[in-house]
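Before any comments, here is the structure.
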Amino acid sequence: MKKIAKLILKVAIFFCAAFAIFFAAKFSFSKFTQIQIEKKRVAIERNLTESAELVLYKMRYSDMLAVKKRQGFSSALSFVRYSGILRAGIEDISQSEILISPDGKKLFVKIPPCVLLGNEIYSQEIFEERQGFFTKITTQEIFNEIDDAKELAVQEILADGLLSDANARAALVIRQLLLPIGFEEVLVETKI
């Protein structure tokens, strides 16, 4: 009888020890997983905040204008060629929302929508200039015509879908930027 009691006691102690080891290992693994997920979150935030403004498209464009001015019988004409750079992308990538799955294998990122970041003229050249005796075209008038043409160019480029293309490219770039951190799957969506 003592042998049976000792055997039952040993089996009970073994199961209690196994149960304790199992829960200790599960708790430790859970803590370890949380630490790993937090390390990944820090790496993501560091990667995203280092590129505060993310330029996805940089388009060069150029055009030629004819600036005309007429006063009475006198007229003036200038032909001007200008070139500009249009930049589209995410203004502040650090405004992204990040969600990591509990197992740390999937990442879901919501990024801000792409906007027009800039439209600058980098060169202008007057080809031909015919000034009338009483009529002159001023530099300011040429700048005003270039500004009007520049706005028209932006409207045409945006109508062709530049921002939707930039949003698609942003998702691809962000995905490629974050996959090396150690996720099996990275899903990127644009905020609306």
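Identifiers for the structure tokens are assigned positionally: chains receive A, B, ... in sequence, residues are indexed from 1 per chain, and ligands are indexed from 1 in the order shown.
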Non-local contacts of range 161-173 of chain A (8 Å; only C-alpha atoms; under 2 positions in same chain excluded) as a PDB file with N, CA, C and O atoms, in the first residue's frame:
```
ATOM      1  N   LEU A  56       7.240  60.224 -54.331  1.00  0.00           N
ATOM      2  CA  LEU A  56       7.048  59.010 -55.112  1.00  0.00           C
ATOM      3  C   LEU A  56       7.131  59.257 -56.611  1.00  0.00           C
ATOM      4  O   LEU A  56       7.477  58.372 -57.368  1.00  0.00           O
ATOM      5  N   TYR A  57       6.773  60.442 -57.039  1.00  0.00           N
ATOM      6  CA  TYR A  57       6.887  60.822 -58.441  1.00  0.00           C
ATOM      7  C   TYR A  57       7.530  62.187 -58.535  1.00  0.00           C
ATOM      8  O   TYR A  57       7.169  63.110 -57.805  1.00  0.00           O
ATOM      9  N   ALA A  88       5.085  64.589 -56.411  1.00  0.00           N
ATOM     10  CA  ALA A  88       3.902  64.047 -55.740  1.00  0.00           C
ATOM     11  C   ALA A  88       4.352  62.962 -54.776  1.00  0.00           C
ATOM     12  O   ALA A  88       5.292  62.220 -55.052  1.00  0.00           O
ATOM     13  N   GLY A  89       3.677  62.902 -53.634  1.00  0.00           N
ATOM     14  CA  GLY A  89       4.018  61.881 -52.651  1.00  0.00           C
ATOM     15  C   GLY A  89       3.268  62.090 -51.357  1.00  0.00           C
ATOM     16  O   GLY A  89       2.248  62.768 -51.307  1.00  0.00           O
ATOM     17  N   ILE A  90       3.807  61.516 -50.296  1.00  0.00           N
ATOM     18  CA  ILE A  90       3.184  61.599 -48.976  1.00  0.00           C
ATOM     19  C   ILE A  90       3.877  62.707 -48.194  1.00  0.00           C
ATOM     20  O   ILE A  90       5.091  62.691 -48.034  1.00  0.00           O
ATOM     21  N   PRO A 113      -2.881  59.699 -47.763  1.00  0.00           N
ATOM     22  CA  PRO A 113      -2.961  59.750 -49.223  1.00  0.00           C
ATOM     23  C   PRO A 113      -1.882  60.661 -49.816  1.00  0.00           C
ATOM     24  O   PRO A 113      -1.400  61.586 -49.153  1.00  0.00           O
ATOM     25  N   CYS A 114      -1.524  60.382 -51.039  1.00  0.00           N
ATOM     26  CA  CYS A 114      -0.523  61.198 -51.734  1.00  0.00           C
ATOM     27  C   CYS A 114      -1.130  62.536 -52.140  1.00  0.00           C
ATOM     28  O   CYS A 114      -2.313  62.626 -52.456  1.00  0.00           O
ATOM     29  N   VAL A 115      -0.300  63.546 -52.101  1.00  0.00           N
ATOM     30  CA  VAL A 115      -0.697  64.902 -52.479  1.00  0.00           C
ATOM     31  C   VAL A 115       0.373  65.491 -53.391  1.00  0.00           C
ATOM     32  O   VAL A 115       1.459  64.941 -53.544  1.00  0.00           O
ATOM     33  N   LEU A 116       0.060  66.634 -53.956  1.00  0.00           N
ATOM     34  CA  LEU A 116       1.033  67.374 -54.744  1.00  0.00           C
ATOM     35  C   LEU A 116       1.972  68.074 -53.771  1.00  0.00           C
ATOM     36  O   LEU A 116       1.539  68.895 -52.960  1.00  0.00           O
ATOM     37  N   ILE A 157      -1.961  67.058 -65.574  1.00  0.00           N
ATOM     38  CA  ILE A 157      -1.225  65.913 -65.027  1.00  0.00           C
ATOM     39  C   ILE A 157      -2.049  65.216 -63.942  1.00  0.00           C
ATOM     40  O   ILE A 157      -2.104  63.986 -63.891  1.00  0.00           O
ATOM     41  N   LEU A 158      -2.719  65.988 -63.098  1.00  0.00           N
ATOM     42  CA  LEU A 158      -3.566  65.386 -62.059  1.00  0.00           C
ATOM     43  C   LEU A 158      -4.766  64.680 -62.674  1.00  0.00           C
ATOM     44  O   LEU A 158      -5.189  63.633 -62.181  1.00  0.00           O
ATOM     45  N   ALA A 159      -5.316  65.237 -63.753  1.00  0.00           N
ATOM     46  CA  ALA A 159      -6.453  64.602 -64.428  1.00  0.00           C
ATOM     47  C   ALA A 159      -6.045  63.268 -65.048  1.00  0.00           C
ATOM     48  O   ALA A 159      -6.877  62.364 -65.202  1.00  0.00           O
ATOM     49  N   ARG A 175       5.696  48.698 -48.590  1.00  0.00           N
ATOM     50  CA  ARG A 175       5.749  47.236 -48.408  1.00  0.00           C
ATOM     51  C   ARG A 175       7.195  46.751 -48.529  1.00  0.00           C
ATOM     52  O   ARG A 175       7.672  45.969 -47.712  1.00  0.00           O
ATOM     53  N   GLN A 176       7.913  47.211 -49.548  1.00  0.00           N
ATOM     54  CA  GLN A 176       9.298  46.787 -49.741  1.00  0.00           C
ATOM     55  C   GLN A 176      10.205  47.315 -48.637  1.00  0.00           C
ATOM     56  O   GLN A 176      11.199  46.677 -48.295  1.00  0.00           O
ATOM     57  N   LEU A 177       9.868  48.441 -48.084  1.00  0.00           N
ATOM     58  CA  LEU A 177      10.656  49.022 -47.000  1.00  0.00           C
ATOM     59  C   LEU A 177      10.500  48.226 -45.709  1.00  0.00           C
ATOM     60  O   LEU A 177      11.455  48.074 -44.948  1.00  0.00           O
ATOM     61  N   VAL A 188      -0.619  47.144 -47.058  1.00  0.00           N
ATOM     62  CA  VAL A 188      -0.584  48.599 -47.022  1.00  0.00           C
ATOM     63  C   VAL A 188      -1.852  49.121 -47.665  1.00  0.00           C
ATOM     64  O   VAL A 188      -2.231  48.691 -48.753  1.00  0.00           O
ATOM     65  N   GLU A 189      -2.494  50.061 -46.994  1.00  0.00           N
ATOM     66  CA  GLU A 189      -3.736  50.657 -47.481  1.00  0.00           C
ATOM     67  C   GLU A 189      -3.628  52.176 -47.315  1.00  0.00           C
ATOM     68  O   GLU A 189      -3.037  52.668 -46.360  1.00  0.00           O
ATOM     69  N   THR A 190      -4.237  52.915 -48.236  1.00  0.00           N
ATOM     70  CA  THR A 190      -4.227  54.371 -48.170  1.00  0.00           C
ATOM     71  C   THR A 190      -5.447  54.850 -47.400  1.00  0.00           C
ATOM     72  O   THR A 190      -6.569  54.379 -47.648  1.00  0.00           O
TER      73      THR A 190
END
```
- Message: Would you pick out the contacts of Val80 in chain A at 12 Å or less, using only C-alpha atoms, so that residues sharing its chain but fewer than 5 positions from it are not included, and give the list as a ChimeraX atom specification?
- Response: /A:62-68,123-129,137,139,141-143,145-146,149
Go ahead and dump the residues you just picked, N, CA, C and O atoms, as a PDB file, in the first residue's frame.
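Generated file (out-v2.pdb):
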```
ATOM      1  N   SER A  62       7.813  70.561 -69.750  1.00  0.00           N
ATOM      2  CA  SER A  62       8.212  71.823 -70.374  1.00  0.00           C
ATOM      3  C   SER A  62       7.160  72.211 -71.403  1.00  0.00           C
ATOM      4  O   SER A  62       6.414  71.372 -71.902  1.00  0.00           O
ATOM      5  N   ASP A  63       7.139  73.489 -71.687  1.00  0.00           N
ATOM      6  CA  ASP A  63       6.160  74.018 -72.627  1.00  0.00           C
ATOM      7  C   ASP A  63       6.705  75.306 -73.213  1.00  0.00           C
ATOM      8  O   ASP A  63       7.673  75.876 -72.708  1.00  0.00           O
ATOM      9  N   MET A  64       6.056  75.754 -74.255  1.00  0.00           N
ATOM     10  CA  MET A  64       6.438  76.998 -74.892  1.00  0.00           C
ATOM     11  C   MET A  64       5.211  77.884 -74.956  1.00  0.00           C
ATOM     12  O   MET A  64       4.116  77.414 -75.271  1.00  0.00           O
ATOM     13  N   LEU A  65       5.382  79.157 -74.655  1.00  0.00           N
ATOM     14  CA  LEU A  65       4.276  80.118 -74.640  1.00  0.00           C
ATOM     15  C   LEU A  65       4.539  81.247 -75.620  1.00  0.00           C
ATOM     16  O   LEU A  65       5.690  81.618 -75.853  1.00  0.00           O
ATOM     17  N   ALA A  66       3.470  81.795 -76.085  1.00  0.00           N
ATOM     18  CA  ALA A  66       3.558  83.031 -76.857  1.00  0.00           C
ATOM     19  C   ALA A  66       2.858  84.093 -76.021  1.00  0.00           C
ATOM     20  O   ALA A  66       1.659  84.006 -75.750  1.00  0.00           O
ATOM     21  N   VAL A  67       3.605  85.073 -75.569  1.00  0.00           N
ATOM     22  CA  VAL A  67       3.042  86.158 -74.761  1.00  0.00           C
ATOM     23  C   VAL A  67       2.831  87.337 -75.693  1.00  0.00           C
ATOM     24  O   VAL A  67       3.780  87.855 -76.294  1.00  0.00           O
ATOM     25  N   LYS A  68       1.565  87.762 -75.822  1.00  0.00           N
ATOM     26  CA  LYS A  68       1.216  88.841 -76.746  1.00  0.00           C
ATOM     27  C   LYS A  68       0.639  90.009 -75.964  1.00  0.00           C
ATOM     28  O   LYS A  68      -0.070  89.824 -74.980  1.00  0.00           O
ATOM     29  N   SER A 123      13.709  76.427 -65.125  1.00  0.00           N
ATOM     30  CA  SER A 123      14.378  77.173 -66.205  1.00  0.00           C
ATOM     31  C   SER A 123      13.343  77.857 -67.078  1.00  0.00           C
ATOM     32  O   SER A 123      12.225  77.367 -67.239  1.00  0.00           O
ATOM     33  N   GLN A 124      13.743  78.987 -67.603  1.00  0.00           N
ATOM     34  CA  GLN A 124      12.909  79.710 -68.554  1.00  0.00           C
ATOM     35  C   GLN A 124      13.832  80.462 -69.503  1.00  0.00           C
ATOM     36  O   GLN A 124      14.894  80.919 -69.115  1.00  0.00           O
ATOM     37  N   GLU A 125      13.389  80.535 -70.737  1.00  0.00           N
ATOM     38  CA  GLU A 125      14.237  81.134 -71.752  1.00  0.00           C
ATOM     39  C   GLU A 125      13.354  81.856 -72.758  1.00  0.00           C
ATOM     40  O   GLU A 125      12.359  81.305 -73.230  1.00  0.00           O
ATOM     41  N   ILE A 126      13.715  83.091 -73.085  1.00  0.00           N
ATOM     42  CA  ILE A 126      12.988  83.861 -74.091  1.00  0.00           C
ATOM     43  C   ILE A 126      13.680  83.620 -75.423  1.00  0.00           C
ATOM     44  O   ILE A 126      14.873  83.865 -75.582  1.00  0.00           O
ATOM     45  N   PHE A 127      12.907  83.108 -76.399  1.00  0.00           N
ATOM     46  CA  PHE A 127      13.477  82.803 -77.698  1.00  0.00           C
ATOM     47  C   PHE A 127      13.468  84.006 -78.629  1.00  0.00           C
ATOM     48  O   PHE A 127      14.458  84.335 -79.241  1.00  0.00           O
ATOM     49  N   GLU A 128      12.338  84.565 -78.757  1.00  0.00           N
ATOM     50  CA  GLU A 128      12.206  85.676 -79.692  1.00  0.00           C
ATOM     51  C   GLU A 128      11.384  86.741 -79.016  1.00  0.00           C
ATOM     52  O   GLU A 128      10.399  86.452 -78.344  1.00  0.00           O
ATOM     53  N   GLU A 129      11.796  87.945 -79.229  1.00  0.00           N
ATOM     54  CA  GLU A 129      11.091  89.040 -78.575  1.00  0.00           C
ATOM     55  C   GLU A 129      10.948  90.172 -79.588  1.00  0.00           C
ATOM     56  O   GLU A 129      11.934  90.647 -80.144  1.00  0.00           O
ATOM     57  N   ILE A 137       6.488  94.225 -73.272  1.00  0.00           N
ATOM     58  CA  ILE A 137       6.067  93.134 -72.387  1.00  0.00           C
ATOM     59  C   ILE A 137       7.034  93.131 -71.211  1.00  0.00           C
ATOM     60  O   ILE A 137       8.244  93.009 -71.399  1.00  0.00           O
ATOM     61  N   THR A 139       8.692  91.794 -67.552  1.00  0.00           N
ATOM     62  CA  THR A 139       9.095  90.509 -66.973  1.00  0.00           C
ATOM     63  C   THR A 139       7.962  89.948 -66.125  1.00  0.00           C
ATOM     64  O   THR A 139       7.707  88.740 -66.136  1.00  0.00           O
ATOM     65  N   GLU A 141       4.777  90.304 -66.552  1.00  0.00           N
ATOM     66  CA  GLU A 141       3.744  89.746 -67.432  1.00  0.00           C
ATOM     67  C   GLU A 141       4.153  88.353 -67.923  1.00  0.00           C
ATOM     68  O   GLU A 141       3.318  87.453 -68.021  1.00  0.00           O
ATOM     69  N   ILE A 142       5.430  88.177 -68.208  1.00  0.00           N
ATOM     70  CA  ILE A 142       5.917  86.852 -68.616  1.00  0.00           C
ATOM     71  C   ILE A 142       5.774  85.863 -67.464  1.00  0.00           C
ATOM     72  O   ILE A 142       5.294  84.740 -67.643  1.00  0.00           O
ATOM     73  N   PHE A 143       6.148  86.291 -66.236  1.00  0.00           N
ATOM     74  CA  PHE A 143       5.996  85.417 -65.067  1.00  0.00           C
ATOM     75  C   PHE A 143       4.535  85.045 -64.840  1.00  0.00           C
ATOM     76  O   PHE A 143       4.221  83.901 -64.493  1.00  0.00           O
ATOM     77  N   GLU A 145       2.139  84.797 -67.091  1.00  0.00           N
ATOM     78  CA  GLU A 145       1.753  83.821 -68.117  1.00  0.00           C
ATOM     79  C   GLU A 145       2.320  82.432 -67.796  1.00  0.00           C
ATOM     80  O   GLU A 145       1.639  81.416 -67.965  1.00  0.00           O
ATOM     81  N   ILE A 146       3.564  82.389 -67.330  1.00  0.00           N
ATOM     82  CA  ILE A 146       4.171  81.106 -66.956  1.00  0.00           C
ATOM     83  C   ILE A 146       3.415  80.486 -65.785  1.00  0.00           C
ATOM     84  O   ILE A 146       3.146  79.282 -65.777  1.00  0.00           O
ATOM     85  N   ALA A 149       0.210  78.995 -67.091  1.00  0.00           N
ATOM     86  CA  ALA A 149       0.488  77.763 -67.841  1.00  0.00           C
ATOM     87  C   ALA A 149       0.905  76.634 -66.900  1.00  0.00           C
ATOM     88  O   ALA A 149       0.561  75.463 -67.116  1.00  0.00           O
TER      89      ALA A 149
END
```
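Closest to Glu184 in chain A among A:Lys105, A:Lys110, A:Lys136, A:Lys150 is A:Lys105, based on only C-alpha atoms.
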- Query: Which of these residues is nearest to Lys106 in chain A, using only C-alpha atoms: A:Val186, A:Asn144, A:Ala153, A:Tyr61?
  - Reply: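 Checking each of A:Val186, A:Asn144, A:Ala153, A:Tyr61 against Lys106 in chain A, counting only C-alpha atoms, the winner is A:Val186.
When DSSP reads the backbone of this structure, the residues of range 124-165 of chain A it assigns to strand (DSSP E or B) are Gln124, Glu125, Ile126, Phe127, Glu128, Glu129 and Arg130 of chain A.
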- Item | Separation of CA of Pro180 in chain A from CA of Asp103 in chain A, in Å and rounded to one decimal |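 Those two atoms sit 16.9 Å apart.
You will find CA of Leu117 in chain A at 5.3 Å from CA of Arg87 in chain A.
Between CA of Ile174 in chain A and CA of Ser96 in chain A there is a distance of 10.5 Å.
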